[in-house]
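Undergrad: Dropping in query03.pdb, with PDB, C-alpha atoms.
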ATOM      1  CA  MET S   1      22.539   8.882 -24.301
ATOM      2  CA  THR S   2      20.462   5.827 -23.386
ATOM      3  CA  ARG S   3      16.853   5.949 -22.252
ATOM      4  CA  VAL S   4      17.908   5.244 -18.646
ATOM      5  CA  SER S   5      20.634   7.907 -18.804
ATOM      6  CA  GLU S   6      18.123  10.451 -20.072
ATOM      7  CA  LEU S   7      15.717   9.552 -17.265
ATOM      8  CA  LEU S   8      18.409   9.882 -14.585
ATOM      9  CA  GLN S   9      19.638  13.180 -16.015
ATOM     10  CA  ALA S  10      16.115  14.611 -16.211
ATOM     11  CA  THR S  11      15.436  13.573 -12.601
ATOM     12  CA  ILE S  12      18.615  15.224 -11.313
ATOM     13  CA  ALA S  13      17.858  18.382 -13.304
ATOM     14  CA  ALA S  14      14.284  18.503 -12.026
ATOM     15  CA  HIS S  15      15.018  17.913  -8.355
ATOM     16  CA  VAL S  16      18.631  18.918  -7.685
ATOM     17  CA  ALA S  17      19.428  21.808 -10.026
ATOM     18  CA  PRO S  18      18.592  22.584 -13.666
ATOM     19  CA  ASP S  19      22.291  22.891 -14.512
ATOM     20  CA  ALA S  20      23.378  19.695 -12.692
ATOM     21  CA  ARG S  21      25.024  17.181 -15.022
ATOM     22  CA  VAL S  22      25.281  13.439 -14.474
ATOM     23  CA  LEU S  23      28.855  12.189 -14.760
ATOM     24  CA  GLU S  24      28.330   8.503 -14.016
ATOM     25  CA  ALA S  25      25.543   6.099 -13.075
ATOM     26  CA  ARG S  26      26.312   2.646 -11.740
ATOM     27  CA  GLN S  27      23.536   0.121 -11.341
ATOM     28  CA  ARG S  28      23.468  -1.664  -7.983
ATOM     29  CA  GLU S  29      22.999  -5.378  -7.573
ATOM     30  CA  GLY S  30      20.245  -4.762  -5.001
ATOM     31  CA  GLY S  31      18.883  -2.133  -2.643
ATOM     32  CA  GLU S  32      15.324  -3.070  -1.770
ATOM     33  CA  GLN S  33      12.950  -0.120  -1.506
ATOM     34  CA  GLY S  34       9.542  -1.428  -0.669
ATOM     35  CA  PHE S  35       7.643  -4.537  -1.675
ATOM     36  CA  SER S  36       6.694  -3.871  -5.264
ATOM     37  CA  ALA S  37       5.611  -6.316  -7.933
ATOM     38  CA  ALA S  38       7.445  -4.137 -10.470
ATOM     39  CA  MET S  39      11.137  -4.603 -11.252
ATOM     40  CA  LEU S  40      13.107  -1.974  -9.349
ATOM     41  CA  ARG S  41      16.546  -0.876 -10.494
ATOM     42  CA  TYR S  42      18.909   1.137  -8.319
ATOM     43  CA  TYR S  43      21.563   3.552  -9.536
ATOM     44  CA  ASP S  44      24.368   5.279  -7.667
ATOM     45  CA  VAL S  45      24.611   8.538  -9.575
ATOM     46  CA  THR S  46      27.566  10.928  -9.558
ATOM     47  CA  TYR S  47      26.775  14.419 -10.793
ATOM     48  CA  THR S  48      28.281  17.871 -10.787
ATOM     49  CA  ARG S  49      26.755  21.270 -10.190
ATOM     50  CA  ALA S  50      28.518  24.595  -9.826
ATOM     51  CA  GLY S  51      31.840  22.777 -10.006
ATOM     52  CA  VAL S  52      31.042  20.505  -7.045
ATOM     53  CA  THR S  53      30.779  16.735  -7.444
ATOM     54  CA  GLU S  54      27.981  15.062  -5.473
ATOM     55  CA  ARG S  55      26.235  11.696  -5.295
ATOM     56  CA  ALA S  56      22.682  10.400  -5.041
ATOM     57  CA  THR S  57      20.896   7.063  -5.284
ATOM     58  CA  LEU S  58      17.923   6.860  -7.626
ATOM     59  CA  VAL S  59      15.395   4.099  -8.301
ATOM     60  CA  THR S  60      13.660   3.377 -11.610
ATOM     61  CA  LYS S  61      10.629   1.235 -12.389
ATOM     62  CA  GLU S  62       7.762   0.865 -14.829
ATOM     63  CA  ALA S  63       4.829   2.387 -12.961
ATOM     64  CA  SER S  64       1.100   2.550 -13.584
ATOM     65  CA  LEU S  65      -0.480   5.848 -14.535
ATOM     66  CA  GLY S  66      -2.128   6.025 -11.118
ATOM     67  CA  GLU S  67       1.218   5.696  -9.365
ATOM     68  CA  ARG S  68       2.931   8.224 -11.618
ATOM     69  CA  ARG S  69       0.120  10.744 -11.183
ATOM     70  CA  SER S  70      -0.073  10.173  -7.426
ATOM     71  CA  LEU S  71       3.671  10.698  -6.979
ATOM     72  CA  ALA S  72       3.551  13.853  -9.094
ATOM     73  CA  TRP S  73       0.521  15.263  -7.255
ATOM     74  CA  LEU S  74       1.916  14.544  -3.807
ATOM     75  CA  GLY S  75       5.478  15.556  -4.597
ATOM     76  CA  GLY S  76       4.310  18.777  -6.211
ATOM     77  CA  ARG S  77       2.779  19.753  -2.873
ATOM     78  CA  GLY S  78       5.900  18.983  -0.865
ATOM     79  CA  LEU S  79       4.368  15.937   0.774
ATOM     80  CA  PRO S  80       6.505  13.071   2.134
ATOM     81  CA  VAL S  81       6.966  10.838  -0.875
ATOM     82  CA  PRO S  82      10.209  10.295  -2.804
ATOM     83  CA  PHE S  83      10.841  13.014  -5.359
ATOM     84  CA  SER S  84      10.145  11.614  -8.793
ATOM     85  CA  TYR S  85      10.273  12.373 -12.479
ATOM     86  CA  THR S  86       8.426  10.814 -15.392
ATOM     87  CA  PRO S  87       8.244  12.027 -18.966
ATOM     88  CA  ASP S  88       4.705  10.629 -19.272
ATOM     89  CA  LEU S  89       1.717  11.586 -17.150
ATOM     90  CA  THR S  90      -0.942  10.631 -19.693
ATOM     91  CA  THR S  91      -0.360   7.118 -21.079
ATOM     92  CA  ALA S  92      -2.611   4.528 -19.447
ATOM     93  CA  ALA S  93      -0.019   1.755 -19.809
ATOM     94  CA  PRO S  94       2.919   1.431 -17.389
ATOM     95  CA  ALA S  95       5.710   3.907 -18.141
ATOM     96  CA  PRO S  96       9.121   4.742 -16.649
ATOM     97  CA  VAL S  97       9.455   6.749 -13.470
ATOM     98  CA  CYS S  98      12.651   7.667 -11.626
ATOM     99  CA  MET S  99      12.517   8.275  -7.882
ATOM    100  CA  GLN S 100      14.658   9.265  -4.960
ATOM    101  CA  TYR S 101      15.952   6.414  -2.836
ATOM    102  CA  VAL S 102      14.724   7.189   0.670
ATOM    103  CA  GLY S 103      16.446   4.545   2.730
ATOM    104  CA  ALA S 104      15.468   2.149   5.470
ATOM    105  CA  ARG S 105      12.373   1.703   7.591
ATOM    106  CA  PRO S 106      11.974   3.968  10.634
ATOM    107  CA  ALA S 107      13.633   2.875  13.860
ATOM    108  CA  PRO S 108      11.247   0.855  16.059
ATOM    109  CA  GLY S 109      10.930   3.622  18.622
ATOM    110  CA  GLU S 110      10.003   6.166  15.953
ATOM    111  CA  ARG S 111       7.980   3.910  13.670
ATOM    112  CA  ALA S 112       4.430   4.846  14.688
ATOM    113  CA  ARG S 113       5.079   8.534  15.407
ATOM    114  CA  GLN S 114       6.848   9.235  12.114
ATOM    115  CA  ALA S 115       4.327   7.298  10.037
ATOM    116  CA  ALA S 116       1.366   8.945  11.788
ATOM    117  CA  ARG S 117       2.564  12.458  10.958
ATOM    118  CA  THR S 118       3.393  11.538   7.383
ATOM    119  CA  LEU S 119       0.153   9.707   6.615
ATOM    120  CA  ALA S 120      -1.922  12.441   8.254
ATOM    121  CA  ALA S 121      -0.227  15.070   6.073
ATOM    122  CA  ILE S 122      -0.961  13.082   2.910
ATOM    123  CA  HIS S 123      -4.567  12.333   3.810
ATOM    124  CA  HIS S 124      -5.245  15.910   4.898
ATOM    125  CA  ALA S 125      -3.859  17.355   1.667
ATOM    126  CA  ALA S 126      -6.249  15.314  -0.482
ATOM    127  CA  LEU S 127      -9.272  15.249   1.823
ATOM    128  CA  GLY S 128     -12.420  15.870  -0.194
ATOM    129  CA  ARG S 129     -10.484  16.822  -3.353
ATOM    130  CA  VAL S 130     -12.048  14.277  -5.648
ATOM    131  CA  ASP S 131     -12.212  16.727  -8.562
ATOM    132  CA  GLU S 132      -8.411  17.134  -8.469
ATOM    133  CA  LEU S 133      -7.803  13.376  -8.530
ATOM    134  CA  PRO S 134      -9.644  12.038 -11.587
ATOM    135  CA  TRP S 135      -7.008   9.392 -12.299
ATOM    136  CA  LEU S 136      -7.607   7.605  -8.996
ATOM    137  CA  PRO S 137      -9.871   4.546  -8.997
ATOM    138  CA  ARG S 138     -12.572   4.732  -6.340
ATOM    139  CA  ALA S 139     -12.525   2.643  -3.168
ATOM    140  CA  ASP S 140     -16.315   2.725  -3.178
ATOM    141  CA  PRO S 141     -18.806   0.051  -2.064
ATOM    142  CA  ALA S 142     -18.414  -1.832  -5.371
ATOM    143  CA  PHE S 143     -14.624  -1.935  -4.925
ATOM    144  CA  PHE S 144     -14.916  -3.453  -1.474
ATOM    145  CA  ALA S 145     -17.576  -5.961  -2.531
ATOM    146  CA  ARG S 146     -16.076  -7.128  -5.820
ATOM    147  CA  TRP S 147     -12.378  -6.813  -5.178
ATOM    148  CA  LEU S 148     -11.691  -7.043  -1.473
ATOM    149  CA  ILE S 149     -14.370  -9.555  -0.468
ATOM    150  CA  ASP S 150     -15.056 -11.588  -3.611
ATOM    151  CA  ALA S 151     -11.670 -11.569  -5.360
ATOM    152  CA  CYS S 152      -9.232 -11.341  -2.453
ATOM    153  CA  TRP S 153     -11.048 -13.658  -0.042
ATOM    154  CA  ARG S 154     -14.295 -15.457  -0.987
ATOM    155  CA  ARG S 155     -13.274 -16.967  -4.327
ATOM    156  CA  GLY S 156     -10.071 -18.471  -2.928
ATOM    157  CA  TRP S 157     -11.816 -19.630   0.233
ATOM    158  CA  GLN S 158     -14.511 -21.479  -1.703
ATOM    159  CA  ARG S 159     -11.974 -23.181  -3.979
ATOM    160  CA  ALA S 160      -9.937 -24.282  -0.970
ATOM    161  CA  LEU S 161     -13.062 -25.686   0.715
ATOM    162  CA  ALA S 162     -13.770 -27.658  -2.461
ATOM    163  CA  GLY S 163     -10.247 -29.123  -2.386
ATOM    164  CA  GLU S 164      -9.310 -27.457  -5.665
ATOM    165  CA  GLY S 165      -6.246 -25.523  -4.506
ATOM    166  CA  HIS S 166      -5.768 -21.786  -4.571
ATOM    167  CA  VAL S 167      -7.049 -19.180  -7.008
ATOM    168  CA  ASP S 168      -5.739 -15.672  -6.394
ATOM    169  CA  ALA S 169      -7.439 -12.286  -6.626
ATOM    170  CA  TYR S 170      -6.546 -12.042 -10.327
ATOM    171  CA  GLY S 171      -8.157 -15.396 -11.158
ATOM    172  CA  ARG S 172      -4.912 -17.358 -11.471
ATOM    173  CA  HIS S 173      -5.340 -20.994 -10.419
ATOM    174  CA  PHE S 174      -2.238 -22.664  -8.982
ATOM    175  CA  GLY S 175      -3.413 -26.244  -9.325
ATOM    176  CA  PRO S 176      -4.445 -28.839  -6.744
ATOM    177  CA  PRO S 177      -3.001 -28.528  -3.246
ATOM    178  CA  LYS S 178      -0.188 -30.719  -2.061
ATOM    179  CA  PRO S 179      -1.559 -34.055  -0.831
ATOM    180  CA  GLY S 180      -2.347 -34.770   2.788
ATOM    181  CA  GLY S 181      -4.504 -31.882   3.970
ATOM    182  CA  ALA S 182      -8.214 -31.547   4.627
ATOM    183  CA  PHE S 183      -9.021 -27.847   4.389
ATOM    184  CA  ALA S 184     -12.792 -28.180   4.720
ATOM    185  CA  ALA S 185     -12.529 -30.391   7.800
ATOM    186  CA  GLU S 186     -10.285 -27.851   9.505
ATOM    187  CA  PHE S 187     -11.835 -24.558   8.425
ATOM    188  CA  ALA S 188     -15.420 -24.923   7.124
ATOM    189  CA  ALA S 189     -16.796 -23.867  10.510
ATOM    190  CA  TYR S 190     -15.250 -20.409   9.991
ATOM    191  CA  THR S 191     -17.267 -19.726   6.841
ATOM    192  CA  GLN S 192     -20.312 -18.282   8.588
ATOM    193  CA  PRO S 193     -18.395 -15.926  10.950
ATOM    194  CA  LEU S 194     -16.251 -14.759   8.025
ATOM    195  CA  GLU S 195     -19.327 -14.123   5.870
ATOM    196  CA  GLU S 196     -20.927 -12.210   8.733
ATOM    197  CA  ALA S 197     -17.763 -10.152   9.133
ATOM    198  CA  ALA S 198     -17.738  -9.470   5.385
ATOM    199  CA  ALA S 199     -21.351  -8.285   5.420
ATOM    200  CA  ARG S 200     -20.692  -6.041   8.418
ATOM    201  CA  PHE S 201     -17.533  -4.646   6.806
ATOM    202  CA  LEU S 202     -19.393  -3.842   3.575
ATOM    203  CA  ARG S 203     -22.162  -2.058   5.496
ATOM    204  CA  ASP S 204     -19.577   0.006   7.380
ATOM    205  CA  MET S 205     -17.553   0.907   4.273
ATOM    206  CA  THR S 206     -20.755   1.881   2.454
ATOM    207  CA  ALA S 207     -21.641   4.156   5.357
ATOM    208  CA  LEU S 208     -18.193   5.789   5.234
ATOM    209  CA  TRP S 209     -18.470   6.291   1.479
ATOM    210  CA  GLU S 210     -21.919   7.829   1.765
ATOM    211  CA  ALA S 211     -20.887  10.078   4.675
ATOM    212  CA  GLY S 212     -18.067  11.395   2.484
ATOM    213  CA  ASP S 213     -16.173  13.207   5.246
ATOM    214  CA  SER S 214     -13.201  10.803   5.302
ATOM    215  CA  LEU S 215     -12.657  10.380   1.549
ATOM    216  CA  THR S 216      -9.146  11.142   0.360
ATOM    217  CA  LEU S 217      -6.192   9.719  -1.521
ATOM    218  CA  VAL S 218      -5.423   6.419   0.212
ATOM    219  CA  HIS S 219      -2.387   4.232  -0.339
ATOM    220  CA  ALA S 220      -4.515   1.076   0.070
ATOM    221  CA  ASP S 221      -1.423  -1.111   0.681
ATOM    222  CA  PHE S 222       0.035   0.670   3.689
ATOM    223  CA  HIS S 223       2.418  -1.552   5.636
ATOM    224  CA  ASP S 224       5.946  -1.562   7.040
ATOM    225  CA  GLU S 225       7.714  -2.204   3.734
ATOM    226  CA  HIS S 226       6.128   0.907   2.221
ATOM    227  CA  VAL S 227       7.230   3.321   4.936
ATOM    228  CA  ARG S 228      10.824   4.599   4.852
ATOM    229  CA  SER S 229      12.700   7.137   6.930
ATOM    230  CA  ARG S 230      15.053   9.897   5.871
ATOM    231  CA  GLY S 231      16.235  12.784   8.010
ATOM    232  CA  GLY S 232      13.842  11.931  10.827
ATOM    233  CA  ARG S 233      10.796  11.966   8.549
ATOM    234  CA  ALA S 234       8.808   9.038   7.196
ATOM    235  CA  TYR S 235       8.267   8.729   3.436
ATOM    236  CA  VAL S 236       5.615   6.572   1.771
ATOM    237  CA  ILE S 237       6.584   4.609  -1.323
ATOM    238  CA  ASP S 238       4.915   2.247  -3.836
ATOM    239  CA  TRP S 239       1.710   4.060  -4.784
ATOM    240  CA  GLY S 240       0.612   1.527  -7.385
ATOM    241  CA  GLN S 241      -2.589   0.613  -5.511
ATOM    242  CA  ALA S 242      -3.660   4.175  -4.642
ATOM    243  CA  HIS S 243      -7.413   4.864  -4.558
ATOM    244  CA  TYR S 244      -9.806   7.581  -3.527
ATOM    245  CA  GLY S 245     -11.594   6.260  -0.479
ATOM    246  CA  PRO S 246     -12.009   6.280   3.314
ATOM    247  CA  LEU S 247      -8.801   7.229   5.095
ATOM    248  CA  TYR S 248      -9.419   4.532   7.723
ATOM    249  CA  VAL S 249      -8.409   1.681   5.394
ATOM    250  CA  ASP S 250      -4.776   2.843   5.561
ATOM    251  CA  LEU S 251      -4.614   2.512   9.347
ATOM    252  CA  PRO S 252      -5.171  -1.041  10.695
ATOM    253  CA  ASN S 253      -2.382  -2.812   8.804
ATOM    254  CA  TYR S 254       0.243  -0.469  10.282
ATOM    255  CA  PHE S 255      -1.071   1.041  13.509
ATOM    256  CA  SER S 256      -2.441  -0.729  16.543
ATOM    257  CA  ARG S 257      -5.621   0.748  17.973
ATOM    258  CA  ASP S 258      -3.613   2.796  20.478
ATOM    259  CA  GLU S 259      -1.046   3.878  17.876
ATOM    260  CA  ALA S 260      -3.844   5.043  15.591
ATOM    261  CA  LEU S 261      -4.524   7.814  18.100
ATOM    262  CA  LEU S 262      -1.118   9.271  17.154
ATOM    263  CA  TYR S 263      -2.476   9.603  13.631
ATOM    264  CA  ARG S 264      -5.693  11.186  14.924
ATOM    265  CA  GLY S 265      -3.595  13.693  16.871
ATOM    266  CA  ALA S 266      -1.455  14.530  13.851
ATOM    267  CA  LEU S 267      -4.585  15.048  11.752
ATOM    268  CA  ALA S 268      -6.011  17.314  14.466
ATOM    269  CA  GLU S 269      -2.848  19.437  14.393
ATOM    270  CA  LEU S 270      -3.524  20.015  10.702
ATOM    271  CA  GLY S 271      -7.036  21.247  11.483
ATOM    272  CA  HIS S 272      -9.100  18.080  11.015
ATOM    273  CA  ASP S 273     -10.049  17.162  14.577
ATOM    274  CA  LEU S 274     -12.079  13.957  14.731
ATOM    275  CA  PRO S 275     -13.923  13.071  17.959
ATOM    276  CA  PRO S 276     -11.917  10.227  19.561
ATOM    277  CA  ASP S 277     -14.895   7.894  20.028
ATOM    278  CA  GLU S 278     -16.031   8.335  16.437
ATOM    279  CA  PHE S 279     -12.476   7.896  15.150
ATOM    280  CA  LEU S 280     -11.945   4.647  17.051
ATOM    281  CA  ALA S 281     -15.328   3.282  16.008
ATOM    282  CA  ARG S 282     -14.432   3.881  12.367
ATOM    283  CA  TYR S 283     -10.963   2.413  12.876
ATOM    284  CA  ASP S 284     -12.630  -0.717  14.265
ATOM    285  CA  ALA S 285     -15.000  -0.834  11.293
ATOM    286  CA  ALA S 286     -12.054  -0.769   8.860
ATOM    287  CA  SER S 287      -9.934  -3.252  10.822
ATOM    288  CA  PRO S 288     -10.892  -6.338   8.723
ATOM    289  CA  TYR S 289      -9.452  -4.661   5.608
ATOM    290  CA  PRO S 290      -5.922  -6.145   5.747
ATOM    291  CA  GLY S 291      -7.205  -9.586   6.726
ATOM    292  CA  PHE S 292      -9.454  -9.805   3.666
ATOM    293  CA  LYS S 293      -6.891  -8.133   1.392
ATOM    294  CA  TYR S 294      -4.034 -10.514   2.184
ATOM    295  CA  PHE S 295      -6.075 -13.655   2.893
ATOM    296  CA  GLY S 296      -4.743 -15.284  -0.262
ATOM    297  CA  ILE S 297      -1.261 -15.460   1.259
ATOM    298  CA  GLY S 298      -2.536 -17.794   3.954
ATOM    299  CA  LEU S 299      -4.514 -19.903   1.492
ATOM    300  CA  TRP S 300      -1.512 -20.274  -0.829
ATOM    301  CA  ASN S 301       0.747 -21.260   2.053
ATOM    302  CA  TRP S 302      -1.745 -23.856   3.270
ATOM    303  CA  CYS S 303      -2.002 -25.384  -0.214
ATOM    304  CA  TYR S 304       1.608 -25.221  -1.406
ATOM    305  CA  GLY S 305       3.856 -24.077   1.442
ATOM    306  CA  ASP S 306       6.915 -25.881   2.718
ATOM    307  CA  PRO S 307       5.553 -27.550   4.713
ATOM    308  CA  PRO S 308       1.955 -27.258   3.500
ATOM    309  CA  HIS S 309      -1.260 -27.572   5.533
ATOM    310  CA  ARG S 310      -0.076 -25.464   8.448
ATOM    311  CA  ARG S 311      -3.169 -24.457  10.382
ATOM    312  CA  ASP S 312      -1.604 -21.225  11.629
ATOM    313  CA  SER S 313      -1.008 -19.989   8.074
ATOM    314  CA  VAL S 314      -4.787 -19.607   7.672
ATOM    315  CA  LEU S 315      -5.716 -18.832  11.267
ATOM    316  CA  GLN S 316      -3.489 -15.756  11.116
ATOM    317  CA  PHE S 317      -5.766 -14.157   8.526
ATOM    318  CA  ILE S 318      -8.982 -15.415  10.083
ATOM    319  CA  ASP S 319      -7.868 -13.677  13.264
ATOM    320  CA  MET S 320      -7.063 -10.457  11.344
ATOM    321  CA  VAL S 321     -10.618 -10.412   9.985
ATOM    322  CA  LEU S 322     -12.495 -11.442  13.109
ATOM    323  CA  GLU S 323     -10.368  -9.844  15.819
ATOM    324  CA  GLY S 324      -8.545  -6.990  14.091
ATOM    325  CA  PRO S 325      -5.015  -5.735  14.846
ATOM    326  CA  HIS S 326      -3.496  -6.292  18.276
TER     327      HIS S 326
END
What is this structure when it is put down as C-alpha cells?
TA:
Amino acid sequence: MTRVSELLQATIAAHVAPDARVLEARQREGGEQGFSAAMLRYYDVTYTRAGVTERATLVTKEASLGERRSLAWLGGRGLPVPFSYTPDLTTAAPAPVCMQYVGARPAPGERARQAARTLAAIHHAALGRVDELPWLPRADPAFFARWLIDACWRRGWQRALAGEGHVDAYGRHFGPPKPGGAFAAEFAAYTQPLEEAAARFLRDMTALWEAGDSLTLVHADFHDEHVRSRGGRAYVIDWGQAHYGPLYVDLPNYFSRDEALLYRGALAELGHDLPPDEFLARYDAASPYPGFKYFGIGLWNWCYGDPPHRRDSVLQFIDMVLEGPH
C-alpha cells in the first residue's frame, strides 16, 4: 500500500467507520478547494462498509503544523471545518494531511448568513483559550507591526517609490518594473495618509490585544475562496495562516459593515453578546487589515501586470486601507 493509499484509508476509517475499506482511489485532474499555496490533490474514493459500496472525495496536501493542529482541534469539537486526518501532530515541518472535500462556495443569497454562523461558532469555541492553543502564533502588536505593516505593505511601497520594482512580504525581489511608469509621481502623495492609517491601526490592534476580551483562534486569511458550503452549512478551509488574536481581523475582508452584524448576532446566540456600538467601532478599527495584508498584489500588478502601470491596481488597496470595506 502506498503512502497516499494509507493516508486515504486511515481518513476513511477515522471519519466514516473503523471497518470501512477503500476499494479504489482515482486522482482527479482538478477540483479547486480554496486558494492555497500548497499543492492540493483530489481523490474520488470508493469504499465499502457493512457490505455497502459508497463514494467520497478527499483532498490531500502538505500542511504546516499550525494548520494540522488547528484542523484537529476544531474538528475534534465538531466545528465547521472539513474532517481531517494526519499521522503527525508534532513535527514542525510540513506533513501530509487528508481532508474532506466540502464543495463550492455558498450561494450568494446565503453567503453572509452561513459564514456568520460558522465563523461565530469557531471564534466562540476558542475565545480566551490561549492555554489550549500553544501551537498558534500570536497576532499580537509585534505581528501587526513587523508583518502586516512593514513586510506586507511598507517595504514594498518604499521600493516602488524608489523605482526598484516589487519586493514581497517574504523579501523576494522581482526585479525592476516594466518600463513606462512613474510610481512616485502618481502615488507619493498617499504615503502620509497611509502611514497615519498604519499608526492608527497599530494603536487600535494594541488596544484590542491588551483588552484581551476578543482573543481567539483566527483564520487570518478569511475570504470567499476559504468559505465552502455543504448541506446548508458553511465550512472554513485553508488554516495555514491561523493565529491567536483579535476576532475582528477575520471580519472586514468578507463581511460588509452591515453584514458583520449577522456575525455579532450569531455570537450573541452563543452567549457572547457584544454591545453593537462597541462591536462596530472595533470592526472599523480592524477594517484596514485586508488592505495592508494584500497590498503587495496591487504593487506587483502595477510593476509587472499585463498591462502594467494601471492606477486602479494600486488605488484599490489604498481605498481598502483608508476607506475600509463597502
Undergrad: Determine, counting only C-alpha atoms, which protein, DNA and RNA residues have an atom within 7 Å of an atom of region 294-305 of chain S; residues of the same chain fewer than 4 positions away are not included. Present the result as a list in words.
TA: Cys152, Trp153, Gly156, Gly165, His166, Asp168, Pro177, Lys178, Pro290, His309, Arg310, Ser313, Val314 and Phe317 of chain S
Undergrad: Please identify all polymer residues within 6 Å of region 284-287 of chain S, counting only C-alpha atoms, omitting same-chain residues fewer than 3 positions from it, and present them as a PyMOL selection string.
TA: chain S and resi 249+252+281+324
Undergrad: Rank nothing, just name the residue among S:Ala93, S:Ala184, S:Leu217, S:Ala104 nearest to Gly128 (chain S), using all atoms listed in the file.
TA: S:Leu217
Undergrad: Enumerate, as number ranges by chain, the residues matched when the PyMOL selection byres ((chain S and resi 244) around 7) is run on the file above.
TA: S: 136-139, 215-218, 243, 245
Undergrad: Residues of the last selection are to be written out with C-alpha atoms, as a PDB file, keeping the file's coordinate frame.
TA:
ATOM      1  CA  LEU S 136      -7.607   7.605  -8.996  1.00  0.00           C
ATOM      2  CA  PRO S 137      -9.871   4.546  -8.997  1.00  0.00           C
ATOM      3  CA  ARG S 138     -12.572   4.732  -6.340  1.00  0.00           C
ATOM      4  CA  ALA S 139     -12.525   2.643  -3.168  1.00  0.00           C
ATOM      5  CA  LEU S 215     -12.657  10.380   1.549  1.00  0.00           C
ATOM      6  CA  THR S 216      -9.146  11.142   0.360  1.00  0.00           C
ATOM      7  CA  LEU S 217      -6.192   9.719  -1.521  1.00  0.00           C
ATOM      8  CA  VAL S 218      -5.423   6.419   0.212  1.00  0.00           C
ATOM      9  CA  HIS S 243      -7.413   4.864  -4.558  1.00  0.00           C
ATOM     10  CA  GLY S 245     -11.594   6.260  -0.479  1.00  0.00           C
TER      11      GLY S 245
END
Undergrad: Could you give me, as a count of residues only, the residues that have an atom at most 10 Å away from the point (21.0, 2.0, -10.1) in the coordinates of the file, using only C-alpha atoms?
TA: 21
Undergrad: Provide the CA of Pro246 (chain S) to CA of Arg228 (chain S) distance in Å, to one decimal place.
TA: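 If I compute the distance from CA of Pro246 (chain S) to CA of Arg228 (chain S), I get 22.9 Å.
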Undergrad: Using all atoms listed in the file, which protein or nucleic acid residues come within 9 Å of Ala112 (chain S)? Drop anything in the same chain fewer than 3 positions from it, and give the result as a ChimeraX atom specification.
TA: /S:106,108-109,115-117,254-255,259-260,262-263
Undergrad: Report, in Å to a single decimal, how far apart CA of Asp131 (chain S) and CA of Thr90 (chain S) are.
TA: 17.0 Å
Undergrad: Would you compute the distance between CA of Ala20 (chain S) and CA of Thr48 (chain S)? Give it in Å to one decimal.
TA: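 So the two atoms, CA of Ala20 (chain S) and CA of Thr48 (chain S), lie 5.6 Å apart.
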Undergrad: Can you spell out as a list in words the set of residues that the PyMOL selection byres ((chain S and resi 163) around 8) selects in the structure I just provided?
TA: Arg159, Ala160, Leu161, Ala162, Glu164, Gly165, Pro176, Pro177, Ala182, Phe183 and Ala184 of chain S
